[in-house]
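**Student:** What follows is target.cif; its format and atoms are mmCIF, C-alpha atoms.
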data_entry
loop_
_atom_site.group_PDB
_atom_site.id
_atom_site.type_symbol
_atom_site.label_atom_id
_atom_site.label_comp_id
_atom_site.auth_asym_id
_atom_site.auth_seq_id
_atom_site.Cartn_x
_atom_site.Cartn_y
_atom_site.Cartn_z
ATOM 1 C CA MET A 1 0.000 0.000 0.000
ATOM 2 C CA THR A 2 1.352 3.396 -1.020
ATOM 3 C CA LYS A 3 1.926 5.782 1.839
ATOM 4 C CA ARG A 4 1.014 9.351 0.976
ATOM 5 C CA ALA A 5 1.606 12.673 2.670
ATOM 6 C CA VAL A 6 0.650 16.225 1.791
ATOM 7 C CA LEU A 7 3.311 18.860 2.388
ATOM 8 C CA TYR A 8 2.699 22.607 2.369
ATOM 9 C CA ARG A 9 5.917 24.600 2.221
ATOM 10 C CA MET A 10 6.964 28.109 1.273
ATOM 11 C CA VAL A 11 8.602 28.425 -2.153
ATOM 12 C CA THR A 12 8.886 31.969 -3.508
ATOM 13 C CA ASP A 13 11.344 33.877 -5.670
ATOM 14 C CA GLN A 14 12.840 35.394 -2.513
ATOM 15 C CA HIS A 15 12.724 32.438 -0.141
ATOM 16 C CA ILE A 16 12.740 28.646 -0.232
ATOM 17 C CA CYS A 17 12.077 27.230 3.220
ATOM 18 C CA PRO A 18 14.923 24.863 4.223
ATOM 19 C CA TYR A 19 12.692 23.024 6.677
ATOM 20 C CA GLY A 20 10.243 22.369 3.868
ATOM 21 C CA LEU A 21 13.016 20.662 1.911
ATOM 22 C CA ARG A 22 14.050 18.713 5.008
ATOM 23 C CA SER A 23 10.449 17.609 5.562
ATOM 24 C CA LYS A 24 10.139 16.444 1.953
ATOM 25 C CA ASP A 25 13.400 14.502 2.185
ATOM 26 C CA LEU A 26 12.412 12.864 5.485
ATOM 27 C CA LEU A 27 9.025 11.803 4.150
ATOM 28 C CA GLU A 28 10.571 10.295 1.040
ATOM 29 C CA ARG A 29 13.165 8.425 3.102
ATOM 30 C CA GLN A 30 10.307 7.008 5.158
ATOM 31 C CA GLY A 31 8.736 5.636 1.983
ATOM 32 C CA PHE A 32 6.032 8.263 1.483
ATOM 33 C CA THR A 33 4.843 9.632 -1.835
ATOM 34 C CA VAL A 34 4.747 13.367 -1.234
ATOM 35 C CA ASP A 35 1.971 15.560 -2.584
ATOM 36 C CA ASP A 36 4.078 18.714 -2.622
ATOM 37 C CA GLN A 37 2.003 21.893 -2.277
ATOM 38 C CA PRO A 38 4.314 24.919 -2.598
ATOM 39 C CA LEU A 39 3.049 28.234 -1.208
ATOM 40 C CA ARG A 40 4.167 30.717 -3.845
ATOM 41 C CA SER A 41 3.736 34.045 -2.043
ATOM 42 C CA ARG A 42 3.677 35.594 1.390
ATOM 43 C CA ALA A 43 -0.047 36.247 1.019
ATOM 44 C CA GLU A 44 -0.698 32.613 0.133
ATOM 45 C CA THR A 45 1.396 31.481 3.078
ATOM 46 C CA ASP A 46 -0.395 33.810 5.484
ATOM 47 C CA ALA A 47 -3.783 32.625 4.192
ATOM 48 C CA PHE A 48 -2.767 28.994 4.716
ATOM 49 C CA LYS A 49 -1.607 29.673 8.283
ATOM 50 C CA ALA A 50 -4.836 31.501 9.095
ATOM 51 C CA GLU A 51 -6.969 28.713 7.622
ATOM 52 C CA HIS A 52 -5.235 25.970 9.597
ATOM 53 C CA GLU A 53 -4.544 28.086 12.678
ATOM 54 C CA VAL A 54 -0.804 27.474 12.614
ATOM 55 C CA LYS A 55 2.058 29.919 13.162
ATOM 56 C CA THR A 56 4.662 28.404 10.874
ATOM 57 C CA THR A 57 5.240 26.439 7.717
ATOM 58 C CA PRO A 58 6.030 23.822 6.513
ATOM 59 C CA GLN A 59 3.090 21.710 7.595
ATOM 60 C CA THR A 60 2.681 17.987 6.847
ATOM 61 C CA PHE A 61 -0.583 16.057 6.697
ATOM 62 C CA ILE A 62 -0.715 12.245 6.801
ATOM 63 C CA ASP A 63 -4.053 10.466 6.325
ATOM 64 C CA GLY A 64 -5.793 13.797 6.743
ATOM 65 C CA GLU A 65 -4.175 14.415 10.118
ATOM 66 C CA ARG A 66 -1.939 17.428 10.551
ATOM 67 C CA ILE A 67 1.432 16.281 11.873
ATOM 68 C CA GLY A 68 3.025 19.740 12.078
ATOM 69 C CA GLY A 69 6.362 21.263 11.172
ATOM 70 C CA TYR A 70 9.726 19.625 10.627
ATOM 71 C CA ASP A 71 10.456 19.028 14.321
ATOM 72 C CA ASP A 72 6.987 17.524 14.779
ATOM 73 C CA LEU A 73 7.599 15.294 11.775
ATOM 74 C CA CYS A 74 10.872 14.101 13.285
ATOM 75 C CA ARG A 75 9.092 13.226 16.518
ATOM 76 C CA TYR A 76 6.344 11.442 14.541
ATOM 77 C CA PHE A 77 8.954 9.132 13.005
ATOM 78 C CA GLY A 78 10.903 8.767 16.250
ATOM 79 C CA LYS A 79 13.852 10.819 15.002
ATOM 80 C CA PRO A 80 15.953 13.011 17.322
ATOM 81 C CA VAL A 81 15.132 16.713 17.351
ATOM 82 C CA LYS A 82 18.064 19.105 17.539
ATOM 83 C CA ASP A 83 18.074 21.255 20.656
ATOM 84 C CA LYS A 84 19.845 24.530 19.884
ATOM 85 C CA ASN A 85 20.492 25.134 23.587
ATOM 86 C CA ARG A 86 21.992 21.708 24.279
ATOM 87 C CA THR A 87 25.638 21.467 25.260
ATOM 88 C CA SER A 88 27.692 20.226 22.318
ATOM 89 C CA TYR A 89 31.364 19.433 21.811
ATOM 90 C CA GLN A 90 30.963 18.866 18.071
ATOM 91 C CA SER A 91 32.678 22.091 17.006
ATOM 92 C CA VAL A 92 35.647 21.472 19.300
ATOM 93 C CA MET A 93 36.045 17.879 18.130
ATOM 94 C CA ALA A 94 35.884 19.011 14.508
ATOM 95 C CA ILE A 95 38.582 21.655 15.004
ATOM 96 C CA PHE A 96 41.038 19.374 16.780
ATOM 97 C CA SER A 97 40.384 16.509 14.352
ATOM 98 C CA VAL A 98 40.953 18.701 11.286
ATOM 99 C CA ALA A 99 44.060 20.240 12.896
ATOM 100 C CA PHE A 100 45.503 16.762 13.471
ATOM 101 C CA LEU A 101 44.725 15.652 9.908
ATOM 102 C CA LEU A 102 46.257 18.853 8.505
ATOM 103 C CA ALA A 103 49.435 18.172 10.470
ATOM 104 C CA LEU A 104 49.609 14.618 9.125
ATOM 105 C CA ALA A 105 48.897 15.825 5.578
ATOM 106 C CA MET A 106 51.667 18.427 5.706
ATOM 107 C CA GLN A 107 54.170 15.919 7.065
ATOM 108 C CA TRP A 108 53.211 13.456 4.330
ATOM 109 C CA ALA A 109 53.430 16.104 1.602
ATOM 110 C CA THR A 110 56.911 17.193 2.704
ATOM 111 C CA GLY A 111 58.210 13.654 3.122
ATOM 112 C CA GLN A 112 58.553 13.937 6.899
ATOM 113 C CA SER A 113 57.750 11.183 9.368
ATOM 114 C CA VAL A 114 54.287 11.507 10.885
ATOM 115 C CA PHE A 115 55.828 10.309 14.167
ATOM 116 C CA ALA A 116 58.246 13.239 14.352
ATOM 117 C CA PHE A 117 57.926 15.894 17.065
ATOM 118 C CA SER A 118 57.295 18.423 14.294
ATOM 119 C CA THR A 119 53.900 16.740 13.780
ATOM 120 C CA VAL A 120 52.951 17.760 17.296
ATOM 121 C CA MET A 121 54.024 21.351 16.697
ATOM 122 C CA LEU A 122 52.112 21.464 13.412
ATOM 123 C CA PHE A 123 49.024 20.116 15.171
ATOM 124 C CA VAL A 124 49.311 22.796 17.841
ATOM 125 C CA GLY A 125 49.801 25.488 15.203
ATOM 126 C CA PHE A 126 46.829 24.402 13.114
ATOM 127 C CA ALA A 127 44.628 24.044 16.204
ATOM 128 C CA MET A 128 45.482 27.561 17.367
ATOM 129 C CA ALA A 129 44.883 29.036 13.908
ATOM 130 C CA LEU A 130 41.512 27.298 13.552
ATOM 131 C CA LEU A 131 40.407 28.302 17.048
ATOM 132 C CA ALA A 132 41.395 31.893 16.317
ATOM 133 C CA LEU A 133 39.371 31.766 13.101
ATOM 134 C CA GLN A 134 36.271 30.752 15.072
ATOM 135 C CA LYS A 135 36.709 33.738 17.364
ATOM 136 C CA LEU A 136 37.409 36.190 14.538
ATOM 137 C CA GLN A 137 34.130 35.368 12.789
ATOM 138 C CA ASP A 138 32.291 37.424 15.392
ATOM 139 C CA LEU A 139 34.613 39.409 17.636
ATOM 140 C CA TYR A 140 31.779 41.098 19.492
ATOM 141 C CA SER A 141 30.166 37.811 20.540
ATOM 142 C CA PHE A 142 33.534 36.325 21.442
ATOM 143 C CA THR A 143 34.568 39.262 23.612
ATOM 144 C CA ASN A 144 31.150 39.342 25.314
ATOM 145 C CA SER A 145 31.749 35.798 26.519
ATOM 146 C CA PHE A 146 35.499 36.057 27.091
ATOM 147 C CA ILE A 147 35.367 39.084 29.387
ATOM 148 C CA THR A 148 33.145 37.225 31.852
ATOM 149 C CA TYR A 149 35.967 34.955 32.990
ATOM 150 C CA ASP A 150 39.392 35.984 31.674
ATOM 151 C CA VAL A 151 41.234 37.740 34.482
ATOM 152 C CA ILE A 152 42.913 40.296 32.206
ATOM 153 C CA ALA A 153 40.004 40.900 29.815
ATOM 154 C CA MET A 154 37.749 41.699 32.782
ATOM 155 C CA ARG A 155 39.931 44.718 33.469
ATOM 156 C CA GLN A 156 41.202 45.522 29.980
ATOM 157 C CA LEU A 157 38.545 45.014 27.301
ATOM 158 C CA ARG A 158 41.048 45.675 24.512
ATOM 159 C CA TYR A 159 42.923 42.524 25.518
ATOM 160 C CA ALA A 160 39.831 40.498 24.615
ATOM 161 C CA TYR A 161 39.915 41.971 21.096
ATOM 162 C CA CYS A 162 43.658 41.339 20.778
ATOM 163 C CA TYR A 163 43.484 37.755 22.003
ATOM 164 C CA PRO A 164 42.331 36.025 18.760
ATOM 165 C CA PHE A 165 44.970 37.889 16.746
ATOM 166 C CA LEU A 166 47.690 36.845 19.193
ATOM 167 C CA GLU A 167 46.466 33.253 19.042
ATOM 168 C CA ALA A 168 46.386 33.318 15.232
ATOM 169 C CA TRP A 169 49.887 34.787 15.063
ATOM 170 C CA ALA A 170 51.354 32.139 17.368
ATOM 171 C CA GLY A 171 49.666 29.355 15.425
ATOM 172 C CA LEU A 172 50.746 30.617 12.016
ATOM 173 C CA ALA A 173 54.318 31.155 13.224
ATOM 174 C CA MET A 174 54.457 27.543 14.400
ATOM 175 C CA ILE A 175 53.135 26.291 11.068
ATOM 176 C CA ALA A 176 55.638 28.431 9.169
ATOM 177 C CA GLY A 177 58.480 27.002 11.245
ATOM 178 C CA LEU A 178 59.654 30.387 12.468
ATOM 179 C CA SER A 179 62.086 30.642 15.311
ATOM 180 C CA PRO A 180 60.407 30.160 18.731
ATOM 181 C CA VAL A 181 61.529 33.711 19.517
ATOM 182 C CA TRP A 182 58.616 34.918 17.398
ATOM 183 C CA TYR A 183 55.806 32.885 18.942
ATOM 184 C CA ALA A 184 56.800 31.186 22.199
ATOM 185 C CA PRO A 185 56.425 34.221 24.524
ATOM 186 C CA VAL A 186 52.993 35.015 23.052
ATOM 187 C CA ALA A 187 51.740 31.432 23.268
ATOM 188 C CA VAL A 188 52.979 30.946 26.822
ATOM 189 C CA PHE A 189 51.542 34.265 28.010
ATOM 190 C CA ILE A 190 48.020 33.849 26.629
ATOM 191 C CA GLY A 191 48.027 30.134 27.460
ATOM 192 C CA SER A 192 49.058 30.552 31.087
ATOM 193 C CA VAL A 193 46.692 33.473 31.714
ATOM 194 C CA GLY A 194 43.876 31.567 30.023
ATOM 195 C CA ALA A 195 44.502 28.400 32.041
ATOM 196 C CA ALA A 196 44.603 30.363 35.302
ATOM 197 C CA SER A 197 41.348 32.137 34.361
ATOM 198 C CA VAL A 198 39.543 28.861 33.654
ATOM 199 C CA VAL A 199 40.765 27.239 36.863
ATOM 200 C CA LYS A 200 39.628 30.240 38.901
ATOM 201 C CA ALA A 201 36.208 30.588 37.220
ATOM 202 C CA VAL A 202 35.274 26.899 37.072
ATOM 203 C CA TYR A 203 37.150 25.066 39.813
ATOM 204 C CA ILE A 204 37.539 27.769 42.474
ATOM 205 C CA ASP A 205 34.557 30.096 41.980
ATOM 206 C CA GLN A 206 32.476 27.193 40.556
ATOM 207 C CA ARG A 207 30.718 29.369 38.003
ATOM 208 C CA GLU A 208 28.729 27.868 35.122
ATOM 209 C CA LEU A 209 29.807 29.715 31.980
ATOM 210 C CA LYS A 210 29.925 29.203 28.239
ATOM 211 C CA CYS A 211 33.370 28.720 26.748
ATOM 212 C CA ALA A 212 34.536 31.328 24.240
ATOM 213 C CA CYS A 213 37.219 29.002 22.838
ATOM 214 C CA VAL A 214 35.254 28.306 19.639
ATOM 215 C CA GLY A 215 33.520 31.677 19.459
ATOM 216 C CA GLY A 216 30.964 33.537 21.506
ATOM 217 C CA ASN A 217 27.902 31.725 20.165
ATOM 218 C CA SER A 218 28.926 28.199 21.093
ATOM 219 C CA ASN A 219 27.211 25.921 23.612
ATOM 220 C CA VAL A 220 30.478 24.500 24.911
ATOM 221 C CA PRO A 221 30.663 24.771 28.717
ATOM 222 C CA LEU A 222 33.716 26.466 30.167
ATOM 223 C CA GLY A 223 35.985 23.899 31.710
ATOM 224 C CA PHE A 224 38.024 21.005 30.387
ATOM 225 C CA VAL A 225 37.896 22.030 26.712
ATOM 226 C CA SER A 226 39.022 25.609 27.293
ATOM 227 C CA LEU A 227 41.681 24.388 29.696
ATOM 228 C CA THR A 228 42.873 22.016 26.965
ATOM 229 C CA GLU A 229 43.098 24.914 24.512
ATOM 230 C CA ASN A 230 45.330 26.831 26.907
ATOM 231 C CA VAL A 231 47.455 23.795 27.731
ATOM 232 C CA VAL A 232 47.969 23.310 23.987
ATOM 233 C CA MET A 233 49.227 26.876 23.789
ATOM 234 C CA LEU A 234 51.716 26.096 26.532
ATOM 235 C CA ALA A 235 53.516 23.981 23.972
ATOM 236 C CA GLY A 236 55.273 27.301 23.516
ATOM 237 C CA LEU A 237 57.250 26.365 26.629
ATOM 238 C CA TRP A 238 59.170 23.998 24.375
ATOM 239 C CA GLY A 239 59.970 26.998 22.212
ATOM 240 C CA ILE A 240 61.256 28.934 25.213
ATOM 241 C CA SER A 241 63.466 25.997 26.175
ATOM 242 C CA GLN A 242 64.870 26.060 22.655
ATOM 243 C CA ILE A 243 65.580 29.774 22.976
ATOM 244 C CA ALA A 244 67.349 29.211 26.293
ATOM 245 C CA ALA A 245 69.414 26.382 24.829
ATOM 246 C CA SER A 246 70.580 28.427 21.843
#
As a first step, turn the structure in this file into structure tokens.

**Tutor:**
Amino acid sequence: MTKRAVLYRMVTDQHICPYGLRSKDLLERQGFTVDDQPLRSRAETDAFKAEHEVKTTPQTFIDGERIGGYDDLCRYFGKPVKDKNRTSYQSVMAIFSVAFLLALAMQWATGQSVFAFSTVMLFVGFAMALLALQKLQDLYSFTNSFITYDVIAMRQLRYAYCYPFLEAWAGLAMIAGLSPVWYAPVAVFIGSVGAASVVKAVYIDQRELKCACVGGNSNVPLGFVSLTENVVMLAGLWGISQIAAS
């Protein structure tokens, strides 16, 4: 027996509803033949919502019963519904994973052993550069979060704006293979201050804060991940030891 569903979704010259496309795809993957009913104008969409007493589109009907929007459709089929406010480490895992793969790729491309210590330094450099990129996408949001726990940024707002640039510089200098003189002091300074700030905010003051390590709009809790970021930066201590030995 053919399973059928009717889908009303907004499709205009100015806007194609992404949740309408997601609903259509989900229905088809569940084996439904979709009677696609595009709403071609704002007026048509508003008239539909008034008629069915709903606030949003898309809307799916199965066997004459209104199921609802995309999230409702997911629940109907027993699929997980994304919670925008839920704590997630996905962005952090993606950054560190890509940084590690970039380090391996560069070592492979240059004929170096992937087990060399330079792989570690490349990983640190790529991780710092990628983390800085996340912060630089929205400096205002980053600084709004950062100044709530960093011990220097609380007192000197300009430090919060400088921080991603310092992090990017240290990371790029590591990748470029510059002398530790150029990056080690920066990495150690921001890493040690950052680690001390996290320890104070989370483990001493026991405050529940969002981590600014991957930008100000993330749902990563301040704690282990941010501490890891700062410990990674302290790889610059190796650079300082090299300076002292030279």

**Student:** Determine, counting all atoms listed in the file, which protein, DNA and RNA residues have an atom within 7 Å of an atom of segment 66-71 of chain A; residues of the same chain fewer than 6 positions away are not included. Present the result as an MDAnalysis selection string.

**Tutor:** chainID A and resid 19 23 57:60 81

**Student:** Print the selection's residues with C-alpha atoms to a file, as an mmCIF file, keeping the file's coordinate frame.

**Tutor:**
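Wrote it out as result.cif, contents follow:
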data_model
loop_
_atom_site.group_PDB
_atom_site.id
_atom_site.type_symbol
_atom_site.label_atom_id
_atom_site.label_comp_id
_atom_site.auth_asym_id
_atom_site.auth_seq_id
_atom_site.Cartn_x
_atom_site.Cartn_y
_atom_site.Cartn_z
ATOM 1 C CA TYR A 19 12.692 23.024 6.677
ATOM 2 C CA SER A 23 10.449 17.609 5.562
ATOM 3 C CA THR A 57 5.240 26.439 7.717
ATOM 4 C CA PRO A 58 6.030 23.822 6.513
ATOM 5 C CA GLN A 59 3.090 21.710 7.595
ATOM 6 C CA THR A 60 2.681 17.987 6.847
ATOM 7 C CA VAL A 81 15.132 16.713 17.351
#

**Student:** At a cut-off of 9 Å, using all atoms listed in the file, what residues contact Trp169 of chain A? Leave out same-chain residues fewer than 6 positions from it and give the result as a list in words.

**Tutor:** Met128, Ala129, Tyr183 and Val186 of chain A

**Student:** Point out the residue among A:Ala187, A:Asp83, A:Ala195, A:Asp72 with the least atom-to-atom distance to Val124 of chain A, counting all atoms listed in the file.

**Tutor:**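 The shortest atom-to-atom distance to Val124 of chain A comes from A:Ala187.
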
**Student:** Near Tyr161 of chain A, counting all atoms listed in the file, which residues have an atom at most 12 Å away, once you skip same-chain residues fewer than 2 positions from it, shown as an MDAnalysis selection string?

**Tutor:** chainID A and resid 132 135:136 138:147 152:154 156:159 163:167

**Student:** Apply the PyMOL selection byres ((chain A and resi 94-102) around 10) to the displayed file and report the matching residues as a VMD selection string.

**Tutor:** chain A and resid 89 to 93 103 to 108 119 to 120 122 to 131 134 214 229

**Student:** Quick check on the file I pasted: which residues fall under the PyMOL selection byres ((chain A and resi 196) around 12)? Write them as a PDB file with C-alpha atoms, keeping the file's coordinate frame.

**Tutor:**
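What ended up in out.pdb:
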ATOM      1  CA  TYR A 149      35.967  34.955  32.990  1.00  0.00           C
ATOM      2  CA  ASP A 150      39.392  35.984  31.674  1.00  0.00           C
ATOM      3  CA  VAL A 151      41.234  37.740  34.482  1.00  0.00           C
ATOM      4  CA  ILE A 152      42.913  40.296  32.206  1.00  0.00           C
ATOM      5  CA  VAL A 188      52.979  30.946  26.822  1.00  0.00           C
ATOM      6  CA  PHE A 189      51.542  34.265  28.010  1.00  0.00           C
ATOM      7  CA  ILE A 190      48.020  33.849  26.629  1.00  0.00           C
ATOM      8  CA  GLY A 191      48.027  30.134  27.460  1.00  0.00           C
ATOM      9  CA  SER A 192      49.058  30.552  31.087  1.00  0.00           C
ATOM     10  CA  VAL A 193      46.692  33.473  31.714  1.00  0.00           C
ATOM     11  CA  GLY A 194      43.876  31.567  30.023  1.00  0.00           C
ATOM     12  CA  ALA A 195      44.502  28.400  32.041  1.00  0.00           C
ATOM     13  CA  SER A 197      41.348  32.137  34.361  1.00  0.00           C
ATOM     14  CA  VAL A 198      39.543  28.861  33.654  1.00  0.00           C
ATOM     15  CA  VAL A 199      40.765  27.239  36.863  1.00  0.00           C
ATOM     16  CA  LYS A 200      39.628  30.240  38.901  1.00  0.00           C
ATOM     17  CA  ALA A 201      36.208  30.588  37.220  1.00  0.00           C
ATOM     18  CA  VAL A 202      35.274  26.899  37.072  1.00  0.00           C
ATOM     19  CA  TYR A 203      37.150  25.066  39.813  1.00  0.00           C
ATOM     20  CA  ILE A 204      37.539  27.769  42.474  1.00  0.00           C
ATOM     21  CA  GLY A 223      35.985  23.899  31.710  1.00  0.00           C
ATOM     22  CA  SER A 226      39.022  25.609  27.293  1.00  0.00           C
ATOM     23  CA  LEU A 227      41.681  24.388  29.696  1.00  0.00           C
ATOM     24  CA  THR A 228      42.873  22.016  26.965  1.00  0.00           C
ATOM     25  CA  ASN A 230      45.330  26.831  26.907  1.00  0.00           C
ATOM     26  CA  VAL A 231      47.455  23.795  27.731  1.00  0.00           C
TER      27      VAL A 231
END

**Student:** Report, in Å to a single decimal, how far apart atom CA of His15 of chain A and atom CA of Asp63 of chain A are.

**Tutor:**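 Computing it gives 28.4 Å between the two atoms.
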